[in-house]
Amino acid sequence: MKFNKKLENIETYEAGKPIELVVREFGIEPKDIVKLASNENPYGCSIKVQQAVGDIVQNMALYPDDSMMKLKNALTKKYDVLDENLIIGSGSDQVIEFIMHAKADENAKIVINSVTFAMYEIYAKHVGAEVIRTESREHNLDEFYTLYKEENPDIIFLCTPNNPTGDALDSADIMEFLEKIDSDTLVVIDGAYMEYGAFKDASKSVTPKELIEKFDNVIYLGTFSKAYGLGGMRVGYGISRANIIKELYKLRPPFNITTLSLEAASVALEDEEFVNNCIALSFEEMKRYEEFAKEQKIDIIESYTNFVTLLLNADQDSTALSDALLRQGMIVRNLKGYGMNAIRVTVGTKEQNDRFFALCSELL
């Protein structure tokens with residue numbers, strides 16, 4: 001059987017191992033497994049969200065409101081934008097897919113950071129586009145601009161704060177960079193972890209309204225999977241000029257967000273206090289990871305997210321460490337596939353982090 005040749009050079013995205021798989025593979029009781037691999041909110045979601053979803057469970061037999069009016073109203077209020085500036089996706093990943101199919105083809109060039117979210121490249125390969133990477137591990141806008149001048153790309157992706165490294169760009173530097181980019185190059189600002197970056201340092205905060213008022217070639221991405229604790233609900237969004245959103249809508253399938261997911265995301269926006277408390281706890285616990293790195297004499301990348309990237313020494317191996325932790329019921333993300341001898345660890349609750357430190361200390 002023949003398949004699309006564009007699939008030949010695409011590697012399947014490797015998601016963090018689910019708890020259920022570790023139970024089956026290693027026979028470990030679910031209660032003894034700690035998952036710190038996928039940057040989920042370890043404190044879950046707001047109790048208000050849980051109650052709201054429970055109240056509408058009886059509506060699961062009905063198709064969702066495809067206008068997504070309740071969620072869009074909540075987002076327009078949060079960001080002070082118009083309904084026409086919004087598109088909702090099944091996670092921000094789906095919006096990235098829309099963007100790629102709307103703007104790129106086999107003749108297109110896509111510029112991304114050397115180490116960044118893997119789905120940019122995967123979706124680019126879906127359409128046969130060429131992917132061009134910067135040299136530096138962390139975002140360097142001078143390198144991005146050099147590649148822009150040399151390659152004349154169709155799309156530039158800036159992931160800030162960046163996954164999987166945790167570094168973040170200053171918003172003033174982003175605005176200065178955008179001033180130099182022509183209007184036919186689409187710049188994607190992926191703010192999946194923006195709630196964390198903005199909380200830690202106001203200079204990292206990117207405002208979607210300011211972006212789309214000043215520039216006609218920018219789209220901002222956000223998600224409910226991280227700070228809002230709704231990874232299992234799969235809701236993300238894009239904010240841009242109306243003409244860009246209109247083109248993306250041509251690719252959106254009907255009813256792409258479930259009834260329960262729409263309700264959960266809408267109510268989550270009403271409980272910012274819960275979100276901010278979770279973020280504060282995350283950064284408080286992150287200090288312990290910084291101390292742990294010092295004690296173990298390993299490097300750590302300063303993080304503006306809810307995870308840390310621990311850079312192992314030459315005599316240590318991230319694959320061996322990740323596998324050894326996994327056999328003890330501790331799931332972390334091995335970054336060997338990103339060309340790094342490092343592990344990415346979600347900052348969990350105090351108890352989860354205690355266990356990570358204890359196990360990792362024995363293995364390093």
# chains A, B, ... in the order shown; residues from 1 in each chain; ligands from 1

call {"tool": "select_by_dssp", "arguments": {"residues": "stretch 80-117 of chain A", "states": "helix (DSSP H, G or I)", "output": "JSON, numbers by chain"}}
result
{"A": [83, 84, 85, 92, 93, 94, 95, 96, 97, 98, 99, 100, 101, 102, 103]}

call {"tool": "write_last_selection", "arguments": {"atoms": "N, CA and C atoms", "output": "PDB file, in the first residue's frame"}}
result
ATOM      1  N   ASP A  83     -14.067  38.973  18.920  1.00  0.00           N
ATOM      2  CA  ASP A  83     -14.359  37.594  18.551  1.00  0.00           C
ATOM      3  C   ASP A  83     -13.667  37.211  17.245  1.00  0.00           C
ATOM      4  N   GLU A  84     -13.599  38.135  16.313  1.00  0.00           N
ATOM      5  CA  GLU A  84     -13.002  37.862  15.003  1.00  0.00           C
ATOM      6  C   GLU A  84     -11.488  37.668  15.068  1.00  0.00           C
ATOM      7  N   ASN A  85     -10.897  37.983  16.216  1.00  0.00           N
ATOM      8  CA  ASN A  85      -9.454  37.806  16.399  1.00  0.00           C
ATOM      9  C   ASN A  85      -9.087  36.453  16.984  1.00  0.00           C
ATOM     10  N   SER A  92      -3.263  24.040  21.591  1.00  0.00           N
ATOM     11  CA  SER A  92      -2.654  24.999  20.659  1.00  0.00           C
ATOM     12  C   SER A  92      -1.942  24.262  19.528  1.00  0.00           C
ATOM     13  N   ASP A  93      -1.650  22.966  19.723  1.00  0.00           N
ATOM     14  CA  ASP A  93      -1.060  22.153  18.652  1.00  0.00           C
ATOM     15  C   ASP A  93      -1.911  22.199  17.392  1.00  0.00           C
ATOM     16  N   GLN A  94      -3.221  22.110  17.555  1.00  0.00           N
ATOM     17  CA  GLN A  94      -4.087  22.102  16.381  1.00  0.00           C
ATOM     18  C   GLN A  94      -4.041  23.436  15.650  1.00  0.00           C
ATOM     19  N   VAL A  95      -3.908  24.525  16.394  1.00  0.00           N
ATOM     20  CA  VAL A  95      -3.807  25.838  15.748  1.00  0.00           C
ATOM     21  C   VAL A  95      -2.498  25.921  14.957  1.00  0.00           C
ATOM     22  N   ILE A  96      -1.428  25.331  15.496  1.00  0.00           N
ATOM     23  CA  ILE A  96      -0.156  25.279  14.768  1.00  0.00           C
ATOM     24  C   ILE A  96      -0.350  24.526  13.450  1.00  0.00           C
ATOM     25  N   GLU A  97      -1.093  23.436  13.508  1.00  0.00           N
ATOM     26  CA  GLU A  97      -1.374  22.660  12.295  1.00  0.00           C
ATOM     27  C   GLU A  97      -2.146  23.508  11.281  1.00  0.00           C
ATOM     28  N   PHE A  98      -3.158  24.247  11.751  1.00  0.00           N
ATOM     29  CA  PHE A  98      -3.908  25.136  10.858  1.00  0.00           C
ATOM     30  C   PHE A  98      -2.963  26.141  10.193  1.00  0.00           C
ATOM     31  N   ILE A  99      -2.104  26.738  11.005  1.00  0.00           N
ATOM     32  CA  ILE A  99      -1.178  27.760  10.512  1.00  0.00           C
ATOM     33  C   ILE A  99      -0.298  27.188   9.404  1.00  0.00           C
ATOM     34  N   MET A 100       0.238  25.995   9.660  1.00  0.00           N
ATOM     35  CA  MET A 100       1.162  25.407   8.697  1.00  0.00           C
ATOM     36  C   MET A 100       0.467  25.116   7.359  1.00  0.00           C
ATOM     37  N   HIS A 101      -0.717  24.557   7.419  1.00  0.00           N
ATOM     38  CA  HIS A 101      -1.428  24.227   6.186  1.00  0.00           C
ATOM     39  C   HIS A 101      -1.951  25.477   5.471  1.00  0.00           C
ATOM     40  N   ALA A 102      -2.203  26.528   6.222  1.00  0.00           N
ATOM     41  CA  ALA A 102      -2.711  27.756   5.613  1.00  0.00           C
ATOM     42  C   ALA A 102      -1.612  28.575   4.944  1.00  0.00           C
ATOM     43  N   LYS A 103      -0.409  28.522   5.490  1.00  0.00           N
ATOM     44  CA  LYS A 103       0.653  29.431   5.042  1.00  0.00           C
ATOM     45  C   LYS A 103       1.779  28.738   4.267  1.00  0.00           C
TER      46      LYS A 103
END

call {"tool": "residues_around", "arguments": {"residues": "A:Arg241", "least_positions_apart": "6", "cutoff": "9 Å", "atoms": "only C-alpha atoms", "output": "list of chain:residue names"}}
result
A:Glu84, A:Asn85, A:Leu86, A:Ile212, A:Glu213, A:Phe215, A:Asp216, A:Asn217, A:Val218, A:Ile219

call {"tool": "closest_residue", "arguments": {"among": "A:Asn140, A:Val111, A:Thr305, A:Leu178", "to": "A:Lys204", "atoms": "only C-alpha atoms"}}
result
A:Thr305

call {"tool": "atom_distance", "arguments": {"atom1": "atom CA of A:Leu147", "atom2": "atom CA of A:Val187"}}
result
13.5 Å

call {"tool": "residues_around", "arguments": {"residues": "A:Lys48", "least_positions_apart": "3", "cutoff": "8 Å", "atoms": "only C-alpha atoms", "output": "JSON, numbers by chain"}}
result
{"A": [51, 52, 267, 268, 271]}

call {"tool": "write_last_selection", "arguments": {"atoms": "N, CA and C atoms", "output": "mmCIF file, in the first residue's frame"}}
result
data_model
loop_
_atom_site.group_PDB
_atom_site.id
_atom_site.type_symbol
_atom_site.label_atom_id
_atom_site.label_comp_id
_atom_site.auth_asym_id
_atom_site.auth_seq_id
_atom_site.Cartn_x
_atom_site.Cartn_y
_atom_site.Cartn_z
ATOM 1 N N GLN A 51 -16.725 21.372 39.308
ATOM 2 C CA GLN A 51 -18.163 21.450 39.583
ATOM 3 C C GLN A 51 -18.947 21.793 38.325
ATOM 4 N N ALA A 52 -18.419 22.724 37.546
ATOM 5 C CA ALA A 52 -19.127 23.153 36.333
ATOM 6 C C ALA A 52 -19.229 22.018 35.324
ATOM 7 N N VAL A 267 -14.867 28.345 32.432
ATOM 8 C CA VAL A 267 -14.921 28.547 33.885
ATOM 9 C C VAL A 267 -13.518 28.737 34.455
ATOM 10 N N ALA A 268 -12.520 28.071 33.856
ATOM 11 C CA ALA A 268 -11.147 28.219 34.341
ATOM 12 C C ALA A 268 -10.693 29.673 34.298
ATOM 13 N N ASP A 271 -11.381 31.820 37.413
ATOM 14 C CA ASP A 271 -10.705 31.567 38.685
ATOM 15 C C ASP A 271 -9.205 31.811 38.554
#

call {"tool": "residues_around", "arguments": {"residues": "A:Val127", "least_positions_apart": "3", "cutoff": "12 Å", "atoms": "only C-alpha atoms", "output": "list of chain:residue names"}}
result
A:Asn4, A:Lys5, A:Lys6, A:Leu7, A:Asn9, A:Ile10, A:Glu97, A:Phe98, A:Ile99, A:Met100, A:His101, A:Ala102, A:Lys103, A:Ala104, A:Asp105, A:Glu106, A:Asn107, A:Ala108, A:Lys109, A:Ile110, A:Tyr120, A:Glu121, A:Ile122, A:Tyr123, A:Ala124, A:Glu130, A:Val131

call {"tool": "closest_residue", "arguments": {"among": "A:Ala168, A:Ile257, A:Ile47, A:Leu71", "to": "A:Ser90", "atoms": "only C-alpha atoms"}}
result
A:Ile257

call {"tool": "closest_residue", "arguments": {"among": "A:Ala320, A:Leu326, A:Ala227, A:Leu363", "to": "A:Glu273", "atoms": "only C-alpha atoms"}}
result
A:Ala227

call {"tool": "select_by_dssp", "arguments": {"residues": "stretch 234-267 of chain A", "states": "strand (DSSP E or B)", "output": "PyMOL selection string"}}
result
chain A and resi 236-240

call {"tool": "write_last_selection", "arguments": {"atoms": "all heavy atoms", "output": "short mmCIF file (atom, residue, chain, number, x, y, z; two decimals), in the first residue's frame"}}
result
data_model
loop_
_atom_site.label_atom_id
_atom_site.label_comp_id
_atom_site.auth_asym_id
_atom_site.auth_seq_id
_atom_site.Cartn_x
_atom_site.Cartn_y
_atom_site.Cartn_z
N GLY A 236 -6.82 24.99 23.19
CA GLY A 236 -5.85 26.05 22.95
C GLY A 236 -6.47 27.11 22.07
O GLY A 236 -7.62 26.97 21.62
N TYR A 237 -5.75 28.18 21.78
CA TYR A 237 -6.33 29.25 20.98
C TYR A 237 -5.25 30.06 20.29
O TYR A 237 -4.07 30.04 20.66
CB TYR A 237 -7.18 30.18 21.85
CG TYR A 237 -6.47 30.71 23.09
CD1 TYR A 237 -5.77 31.92 23.05
CD2 TYR A 237 -6.50 30.01 24.29
CE1 TYR A 237 -5.11 32.40 24.17
CE2 TYR A 237 -5.85 30.48 25.41
CZ TYR A 237 -5.15 31.67 25.36
OH TYR A 237 -4.50 32.14 26.46
N GLY A 238 -5.66 30.75 19.24
CA GLY A 238 -4.80 31.68 18.52
C GLY A 238 -5.46 33.04 18.49
O GLY A 238 -6.69 33.14 18.39
N ILE A 239 -4.65 34.10 18.59
CA ILE A 239 -5.14 35.47 18.54
C ILE A 239 -4.37 36.22 17.46
O ILE A 239 -3.13 36.27 17.49
CB ILE A 239 -4.98 36.19 19.90
CG1 ILE A 239 -5.70 35.41 21.01
CG2 ILE A 239 -5.49 37.63 19.82
CD1 ILE A 239 -5.49 35.99 22.40
N SER A 240 -5.10 36.79 16.50
CA SER A 240 -4.42 37.46 15.39
C SER A 240 -5.39 38.44 14.71
O SER A 240 -6.54 38.61 15.15
CB SER A 240 -3.91 36.42 14.39
OG SER A 240 -3.10 37.03 13.40
#

call {"tool": "residues_around", "arguments": {"residues": "A:Met194", "least_positions_apart": "3", "cutoff": "10 Å", "atoms": "only C-alpha atoms", "output": "list in words"}}
result
Cys159, Thr160, Pro161, Asn162, Ala168, Asp190, Gly191, Gly197, Ala198, Phe199, Lys200, Lys204, Ser205, Val206, Thr207, Leu221, Gly222, Thr223, Lys226, Ala227, Tyr304 and Thr305 of chain A

call {"tool": "atom_distance", "arguments": {"atom1": "atom CA of A:Thr165", "atom2": "atom CA of A:Ile300"}}
result
9.5 Å

call {"tool": "atom_distance", "arguments": {"atom1": "atom CA of A:Ser183", "atom2": "atom CA of A:Ser136"}}
result
25.8 Å

call {"tool": "closest_residue", "arguments": {"among": "A:Val188, A:Val308, A:Leu36, A:Met60", "to": "A:Pro208", "atoms": "only C-alpha atoms"}}
result
A:Val188
